[in-house]
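Enquirer: Got run39.cif for you, mmCIF, C-alpha atoms:
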```cif
data_start
#
loop_
_atom_site.label_atom_id
_atom_site.label_comp_id
_atom_site.auth_asym_id
_atom_site.auth_seq_id
_atom_site.Cartn_x
_atom_site.Cartn_y
_atom_site.Cartn_z
CA MET B 1 9.91 -5.18 -26.78
CA ASN B 2 7.00 -3.18 -28.13
CA VAL B 3 4.54 -3.07 -25.27
CA SER B 4 2.00 -0.29 -24.96
CA PHE B 5 2.16 1.64 -21.72
CA ARG B 6 -1.19 0.22 -20.57
CA ASP B 7 0.03 -3.34 -21.10
CA GLN B 8 3.23 -2.84 -19.13
CA ARG B 9 3.79 -5.16 -16.20
CA VAL B 10 5.30 -3.17 -13.37
CA GLY B 11 7.09 -4.06 -10.14
CA VAL B 12 7.60 -1.53 -7.36
CA PHE B 13 10.46 -1.92 -4.88
CA VAL B 14 10.61 0.50 -1.94
CA ASP B 15 13.67 1.14 0.22
CA VAL B 16 11.56 2.26 3.18
CA GLN B 17 14.48 3.38 5.38
CA ASN B 18 15.87 5.61 2.63
CA MET B 19 12.49 7.25 2.08
CA TYR B 20 11.72 7.56 5.80
CA TYR B 21 14.98 9.34 6.62
CA SER B 22 14.87 11.55 3.52
CA ALA B 23 11.36 12.78 4.40
CA LYS B 24 12.28 13.23 8.06
CA ASN B 25 15.56 15.07 7.42
CA LEU B 26 14.37 17.24 4.52
CA TYR B 27 10.83 18.09 5.63
CA ASN B 28 10.28 16.71 9.14
CA ALA B 29 7.39 14.75 7.62
CA LYS B 30 6.32 11.17 6.89
CA VAL B 31 6.04 9.54 3.49
CA ASN B 32 2.68 8.88 1.88
CA PHE B 33 3.44 5.40 0.55
CA ALA B 34 -0.07 5.01 -0.91
CA GLN B 35 0.53 7.99 -3.21
CA ILE B 36 3.94 6.65 -4.20
CA LEU B 37 2.40 3.31 -5.18
CA LYS B 38 -0.34 5.08 -7.15
CA THR B 39 2.23 7.16 -9.05
CA ALA B 40 4.53 4.18 -9.64
CA VAL B 41 1.80 2.01 -11.14
CA GLY B 42 -0.25 4.57 -13.04
CA ASN B 43 -2.48 2.76 -15.56
CA ARG B 44 -0.19 -0.27 -15.78
CA SER B 45 -0.58 -3.79 -14.39
CA LEU B 46 0.99 -4.16 -10.96
CA ILE B 47 2.72 -7.52 -10.66
CA ARG B 48 4.49 -7.04 -7.31
CA ALA B 49 4.99 -4.19 -4.84
CA ILE B 50 7.53 -4.90 -2.13
CA ALA B 51 8.42 -2.63 0.79
CA TYR B 52 11.71 -3.44 2.52
CA VAL B 53 11.69 -2.48 6.20
CA ILE B 54 14.02 -2.74 9.18
CA LYS B 55 12.56 -3.86 12.50
CA ALA B 56 13.83 -1.64 15.28
CA ASP B 57 11.42 -2.72 18.05
CA VAL B 58 9.62 0.62 18.06
CA LYS B 59 6.08 0.38 19.41
CA GLU B 60 4.32 1.86 16.34
CA GLU B 61 6.25 -0.14 13.74
CA GLN B 62 3.83 -3.08 13.46
CA ASN B 63 0.96 -0.65 12.77
CA PHE B 64 3.10 0.91 10.04
CA PHE B 65 3.95 -2.50 8.52
CA ASP B 66 0.25 -3.44 8.60
CA ALA B 67 -0.66 -0.14 6.88
CA LEU B 68 1.85 -0.87 4.11
CA GLU B 69 0.25 -4.29 3.56
CA LYS B 70 -3.23 -2.76 3.54
CA ILE B 71 -2.32 -0.39 0.68
CA GLY B 72 -0.91 -3.23 -1.41
CA PHE B 73 2.70 -3.83 -0.44
CA GLU B 74 4.28 -7.15 0.42
CA VAL B 75 6.42 -6.27 3.45
CA LYS B 76 9.84 -7.83 3.86
CA ALA B 77 11.31 -7.18 7.30
CA LYS B 78 14.79 -7.62 8.67
CA ASP B 79 16.10 -6.99 12.19
CA LEU B 80 18.32 -4.01 12.89
CA GLN B 81 21.88 -5.24 13.43
CA ILE B 82 23.68 -3.87 16.48
CA PHE B 83 27.43 -4.40 16.55
CA ALA B 84 29.75 -4.80 19.56
CA GLY B 85 30.88 -1.16 19.42
CA GLY B 86 27.26 0.02 19.43
CA ALA B 87 27.11 0.78 15.71
CA LYS B 88 23.77 0.02 14.07
CA LYS B 89 23.17 -1.15 10.54
CA GLY B 90 20.08 -2.08 8.62
CA ASP B 91 19.70 -2.10 4.90
CA TRP B 92 18.07 -4.16 2.21
CA ASP B 93 20.24 -3.21 -0.79
CA ILE B 94 21.18 -6.79 -1.68
CA GLY B 95 17.68 -8.17 -0.97
CA LEU B 96 16.05 -5.51 -3.15
CA ALA B 97 18.63 -6.13 -5.89
CA MET B 98 18.08 -9.89 -5.85
CA ASP B 99 14.29 -9.51 -5.99
CA THR B 100 14.43 -7.12 -8.96
CA ILE B 101 16.79 -9.43 -10.87
CA GLU B 102 14.64 -12.50 -10.12
CA LEU B 103 11.41 -10.74 -11.10
CA ALA B 104 12.80 -8.87 -14.14
CA PRO B 105 11.74 -11.58 -16.66
CA LYS B 106 8.11 -11.10 -15.53
CA LEU B 107 8.26 -7.28 -15.67
CA ASP B 108 8.44 -4.61 -18.35
CA ALA B 109 9.09 -1.77 -15.91
CA ILE B 110 10.79 -1.73 -12.54
CA VAL B 111 10.23 1.19 -10.18
CA ILE B 112 12.82 1.65 -7.45
CA VAL B 113 11.72 4.00 -4.70
CA SER B 114 15.01 5.25 -3.29
CA GLY B 115 17.59 7.95 -3.94
CA ASP B 116 20.48 5.68 -2.96
CA GLY B 117 23.36 5.74 -5.45
CA ASP B 118 24.26 2.18 -4.44
CA TYR B 119 21.51 1.06 -6.83
CA VAL B 120 23.26 2.49 -9.93
CA PRO B 121 25.02 -0.78 -10.92
CA LEU B 122 21.72 -2.63 -10.41
CA ILE B 123 19.85 -0.18 -12.63
CA HIS B 124 22.51 -0.50 -15.30
CA HIS B 125 22.21 -4.31 -15.21
CA LEU B 126 18.39 -4.32 -15.22
CA ARG B 127 18.28 -1.96 -18.22
CA HIS B 128 21.09 -3.28 -20.37
CA ALA B 129 21.28 -6.99 -19.54
CA LEU B 130 17.65 -7.71 -18.74
CA GLY B 131 15.89 -5.14 -20.94
CA CYS B 132 13.61 -3.57 -18.34
CA ARG B 133 12.49 0.04 -18.25
CA ILE B 134 13.79 1.52 -15.00
CA GLU B 135 12.02 4.28 -13.13
CA VAL B 136 13.07 5.88 -9.87
CA ILE B 137 10.87 7.79 -7.45
CA ALA B 138 12.67 9.74 -4.72
CA PHE B 139 13.41 13.17 -3.29
CA GLY B 140 15.65 14.90 -5.83
CA LYS B 141 17.45 16.89 -3.12
CA SER B 142 18.74 13.73 -1.45
CA SER B 143 19.16 11.52 -4.54
CA SER B 144 22.34 10.48 -6.25
CA ALA B 145 22.92 12.48 -9.45
CA VAL B 146 24.16 9.34 -11.24
CA LEU B 147 21.04 7.43 -10.16
CA LYS B 148 18.87 10.14 -11.73
CA GLU B 149 20.87 9.96 -14.97
CA GLU B 150 20.90 6.14 -15.25
CA CYS B 151 17.15 5.56 -15.03
CA ASP B 152 14.61 5.98 -17.84
CA LEU B 153 12.36 8.19 -15.72
CA PHE B 154 13.04 10.03 -12.46
CA THR B 155 10.05 11.28 -10.48
CA ASP B 156 11.23 14.00 -8.10
CA MET B 157 9.01 13.95 -5.02
CA ASP B 158 10.32 17.40 -4.02
CA ILE B 159 8.38 18.96 -6.90
CA ASP B 160 5.00 17.78 -5.59
CA ARG B 161 5.85 17.17 -1.94
CA ARG B 162 2.30 17.86 -0.69
CA ARG B 163 1.23 14.75 -2.62
CA TYR B 164 3.98 12.51 -1.27
CA LEU B 165 4.32 13.71 2.32
CA ILE B 166 2.21 13.61 5.45
CA PHE B 167 2.88 16.56 7.76
CA ARG B 168 2.10 16.05 11.45
#
```
Starting from the file, lay out its structure as structure tokens.
Expert:
Amino acid sequence: MNVSFRDQRVGVFVDVQNMYYSAKNLYNAKVNFAQILKTAVGNRSLIRAIAYVIKADVKEEQNFFDALEKIGFEVKAKDLQIFAGGAKKGDWDIGLAMDTIELAPKLDAIVIVSGDGDYVPLIHHLRHALGCRIEVIAFGKSSSAVLKEECDLFTDMDIDRRRYLIFR
């Protein structure tokens, strides 16, 4: 498909938990999701931007979800699962994967905002079977090496962390 960069239709899919914990553990900071969206889209046409969040019944979380919507994200929320032994689990890997596959025919480029290596088979499928350009934005220090290799473009947020982080 010969589409000029400006004519590219882009979808942005953010694994919020992955980004939140990476920023917290690496830099004791919060993620600037507005800057991530700006970088992901560039001069292209944004078709969809989806942020996948886990509801943990924390008092500030609704304000955070509202802020994501205000900057242009559709927020998909799921409750944190708590198992009998006390273990907690909350991830959107399958939901994010299904959305990218369903939207791929309407997109030229897919931007996955996560360093999670679990997305490698998805990226491979989106590129080779569905013909999409795949870009990943994440912290290089906490990203899967294979994930970085599989995508068409990897934006390492560590390199310009002042742009992508909010220090408080």
Enquirer: Report the residues retrieved by the PyMOL selection byres ((chain B and resi 139) around 10) from the displayed file, expressed as a list of chain:residue names.
Expert: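 Given this file, the PyMOL selection byres ((chain B and resi 139) around 10) evaluates to B:Asn18, B:Met19, B:Ser22, B:Ala23, B:Leu26, B:Val113, B:Ser114, B:Gly115, B:Val136, B:Ile137, B:Ala138, B:Gly140, B:Lys141, B:Ser142, B:Ser143, B:Ser144, B:Phe154, B:Thr155, B:Asp156, B:Met157, B:Asp158, B:Ile159, B:Asp160, B:Arg161, B:Tyr164.
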Enquirer: What gap, in Å, lies between atom CA of B:Asn32 and atom CA of B:Val53?
Expert: 15.1 Å
Enquirer: Suppose a student applies the PyMOL selection byres ((chain B and resi 126) around 10) to this structure; what residues should they get, written as an MDAnalysis selection string?
Expert: chainID B and resid 97 100:101 104:105 109:110 120:125 127:134 151
Enquirer: Determine the nearest neighbour of B:Asp57 from the options B:Ile94, B:Leu80, B:Leu165, B:Val111, counting all atoms listed in the file.
Expert: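 With all atoms listed in the file as the atom set, the closest residue is B:Leu80.
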Enquirer: Applying 9 Å and all atoms listed in the file, which residues near B:Arg48 remain after dropping the ones on its own chain fewer than 4 positions away? List them as a PyMOL selection string.
Expert: chain B and resi 10-13+72-74+103
Enquirer: Going by the chain IDs and residue numbers used in this file, which residues fall under the PyMOL selection byres ((chain B and resi 78) around 7)? Write them as a count of residues only.
Expert: 7
Enquirer: Go ahead and compute the interatomic distance for atom CA of B:Ala49 and atom CA of B:Leu37, in Å to one decimal.
Expert: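 Spanning atom CA of B:Ala49 to atom CA of B:Leu37 is a straight-line distance of 7.9 Å.
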Enquirer: Quick one, how far is atom CA of B:Asp93 from atom CA of B:Leu46?
Expert: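 A separation of 21.8 Å between them.
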Enquirer: Which is closer to B:Asp116 than all the others in B:Ala67, B:Leu147, B:Leu153, B:Asp91, using all atoms listed in the file?
Expert: B:Leu147
Enquirer: Which residue gives the smallest distance to B:Lys38 among B:Val14, B:Met98, B:Ile71, B:Glu150, with all atoms listed in the file counted?
Expert: B:Ile71
Enquirer: Would you compute an axis-aligned box for stretch 42-61 of chain B, covering every atom listed for it in the file with 3 Å of margin on each side, and report centre and edge lengths in Å to one decimal as lines of an AutoDock Vina configuration file?
Expert:
```
center_x = 5.8
center_y = -1.5
center_z = 1.8
size_x = 22.5
size_y = 18.1
size_z = 41.2
```
Enquirer: Counting all atoms listed in the file, which of B:Tyr27, B:Phe33, B:Tyr52, B:Tyr119 gets nearest to B:Phe167?
Expert: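 That would be B:Tyr27, the residue with the smallest distance to B:Phe167.
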Enquirer: N, CA and C atoms are needed for stretch 118-139 of chain B; please write them out as a PDB file, in the coordinates of the input.
Expert:
```pdb
ATOM      1  N   ASP B 118      23.798   3.572  -4.427  1.00  0.00           N
ATOM      2  CA  ASP B 118      24.260   2.180  -4.440  1.00  0.00           C
ATOM      3  C   ASP B 118      23.486   1.346  -5.458  1.00  0.00           C
ATOM      4  N   TYR B 119      22.319   1.812  -5.875  1.00  0.00           N
ATOM      5  CA  TYR B 119      21.510   1.060  -6.830  1.00  0.00           C
ATOM      6  C   TYR B 119      21.909   1.295  -8.290  1.00  0.00           C
ATOM      7  N   VAL B 120      22.866   2.181  -8.545  1.00  0.00           N
ATOM      8  CA  VAL B 120      23.260   2.490  -9.930  1.00  0.00           C
ATOM      9  C   VAL B 120      23.723   1.251 -10.705  1.00  0.00           C
ATOM     10  N   PRO B 121      24.626   0.418 -10.154  1.00  0.00           N
ATOM     11  CA  PRO B 121      25.020  -0.780 -10.920  1.00  0.00           C
ATOM     12  C   PRO B 121      23.833  -1.720 -11.181  1.00  0.00           C
ATOM     13  N   LEU B 122      22.920  -1.813 -10.242  1.00  0.00           N
ATOM     14  CA  LEU B 122      21.720  -2.630 -10.410  1.00  0.00           C
ATOM     15  C   LEU B 122      20.887  -2.098 -11.569  1.00  0.00           C
ATOM     16  N   ILE B 123      20.649  -0.807 -11.579  1.00  0.00           N
ATOM     17  CA  ILE B 123      19.850  -0.180 -12.630  1.00  0.00           C
ATOM     18  C   ILE B 123      20.494  -0.424 -13.994  1.00  0.00           C
ATOM     19  N   HIS B 124      21.789  -0.264 -14.049  1.00  0.00           N
ATOM     20  CA  HIS B 124      22.510  -0.500 -15.300  1.00  0.00           C
ATOM     21  C   HIS B 124      22.291  -1.933 -15.784  1.00  0.00           C
ATOM     22  N   HIS B 125      22.401  -2.894 -14.867  1.00  0.00           N
ATOM     23  CA  HIS B 125      22.210  -4.310 -15.210  1.00  0.00           C
ATOM     24  C   HIS B 125      20.766  -4.589 -15.648  1.00  0.00           C
ATOM     25  N   LEU B 126      19.803  -4.078 -14.902  1.00  0.00           N
ATOM     26  CA  LEU B 126      18.390  -4.320 -15.220  1.00  0.00           C
ATOM     27  C   LEU B 126      18.024  -3.751 -16.601  1.00  0.00           C
ATOM     28  N   ARG B 127      18.585  -2.594 -16.929  1.00  0.00           N
ATOM     29  CA  ARG B 127      18.280  -1.960 -18.220  1.00  0.00           C
ATOM     30  C   ARG B 127      18.978  -2.659 -19.374  1.00  0.00           C
ATOM     31  N   HIS B 128      20.292  -2.827 -19.232  1.00  0.00           N
ATOM     32  CA  HIS B 128      21.090  -3.280 -20.370  1.00  0.00           C
ATOM     33  C   HIS B 128      21.143  -4.794 -20.530  1.00  0.00           C
ATOM     34  N   ALA B 129      21.192  -5.529 -19.438  1.00  0.00           N
ATOM     35  CA  ALA B 129      21.280  -6.990 -19.540  1.00  0.00           C
ATOM     36  C   ALA B 129      19.913  -7.651 -19.564  1.00  0.00           C
ATOM     37  N   LEU B 130      18.959  -7.059 -18.853  1.00  0.00           N
ATOM     38  CA  LEU B 130      17.650  -7.710 -18.740  1.00  0.00           C
ATOM     39  C   LEU B 130      16.538  -6.996 -19.502  1.00  0.00           C
ATOM     40  N   GLY B 131      16.831  -5.821 -20.051  1.00  0.00           N
ATOM     41  CA  GLY B 131      15.890  -5.140 -20.940  1.00  0.00           C
ATOM     42  C   GLY B 131      14.683  -4.496 -20.299  1.00  0.00           C
ATOM     43  N   CYS B 132      14.754  -4.203 -19.022  1.00  0.00           N
ATOM     44  CA  CYS B 132      13.610  -3.570 -18.340  1.00  0.00           C
ATOM     45  C   CYS B 132      13.718  -2.045 -18.396  1.00  0.00           C
ATOM     46  N   ARG B 133      12.560  -1.403 -18.417  1.00  0.00           N
ATOM     47  CA  ARG B 133      12.490   0.040 -18.250  1.00  0.00           C
ATOM     48  C   ARG B 133      12.671   0.294 -16.750  1.00  0.00           C
ATOM     49  N   ILE B 134      13.528   1.246 -16.410  1.00  0.00           N
ATOM     50  CA  ILE B 134      13.790   1.520 -15.000  1.00  0.00           C
ATOM     51  C   ILE B 134      13.353   2.928 -14.643  1.00  0.00           C
ATOM     52  N   GLU B 135      12.507   2.998 -13.628  1.00  0.00           N
ATOM     53  CA  GLU B 135      12.020   4.280 -13.130  1.00  0.00           C
ATOM     54  C   GLU B 135      12.419   4.396 -11.669  1.00  0.00           C
ATOM     55  N   VAL B 136      12.702   5.618 -11.263  1.00  0.00           N
ATOM     56  CA  VAL B 136      13.070   5.880  -9.870  1.00  0.00           C
ATOM     57  C   VAL B 136      12.162   6.978  -9.349  1.00  0.00           C
ATOM     58  N   ILE B 137      11.664   6.773  -8.142  1.00  0.00           N
ATOM     59  CA  ILE B 137      10.870   7.790  -7.450  1.00  0.00           C
ATOM     60  C   ILE B 137      11.610   8.086  -6.154  1.00  0.00           C
ATOM     61  N   ALA B 138      11.941   9.362  -5.932  1.00  0.00           N
ATOM     62  CA  ALA B 138      12.670   9.740  -4.720  1.00  0.00           C
ATOM     63  C   ALA B 138      12.667  11.267  -4.586  1.00  0.00           C
ATOM     64  N   PHE B 139      13.228  11.738  -3.501  1.00  0.00           N
ATOM     65  CA  PHE B 139      13.410  13.170  -3.290  1.00  0.00           C
ATOM     66  C   PHE B 139      14.667  13.587  -4.042  1.00  0.00           C
TER      67      PHE B 139
END
```
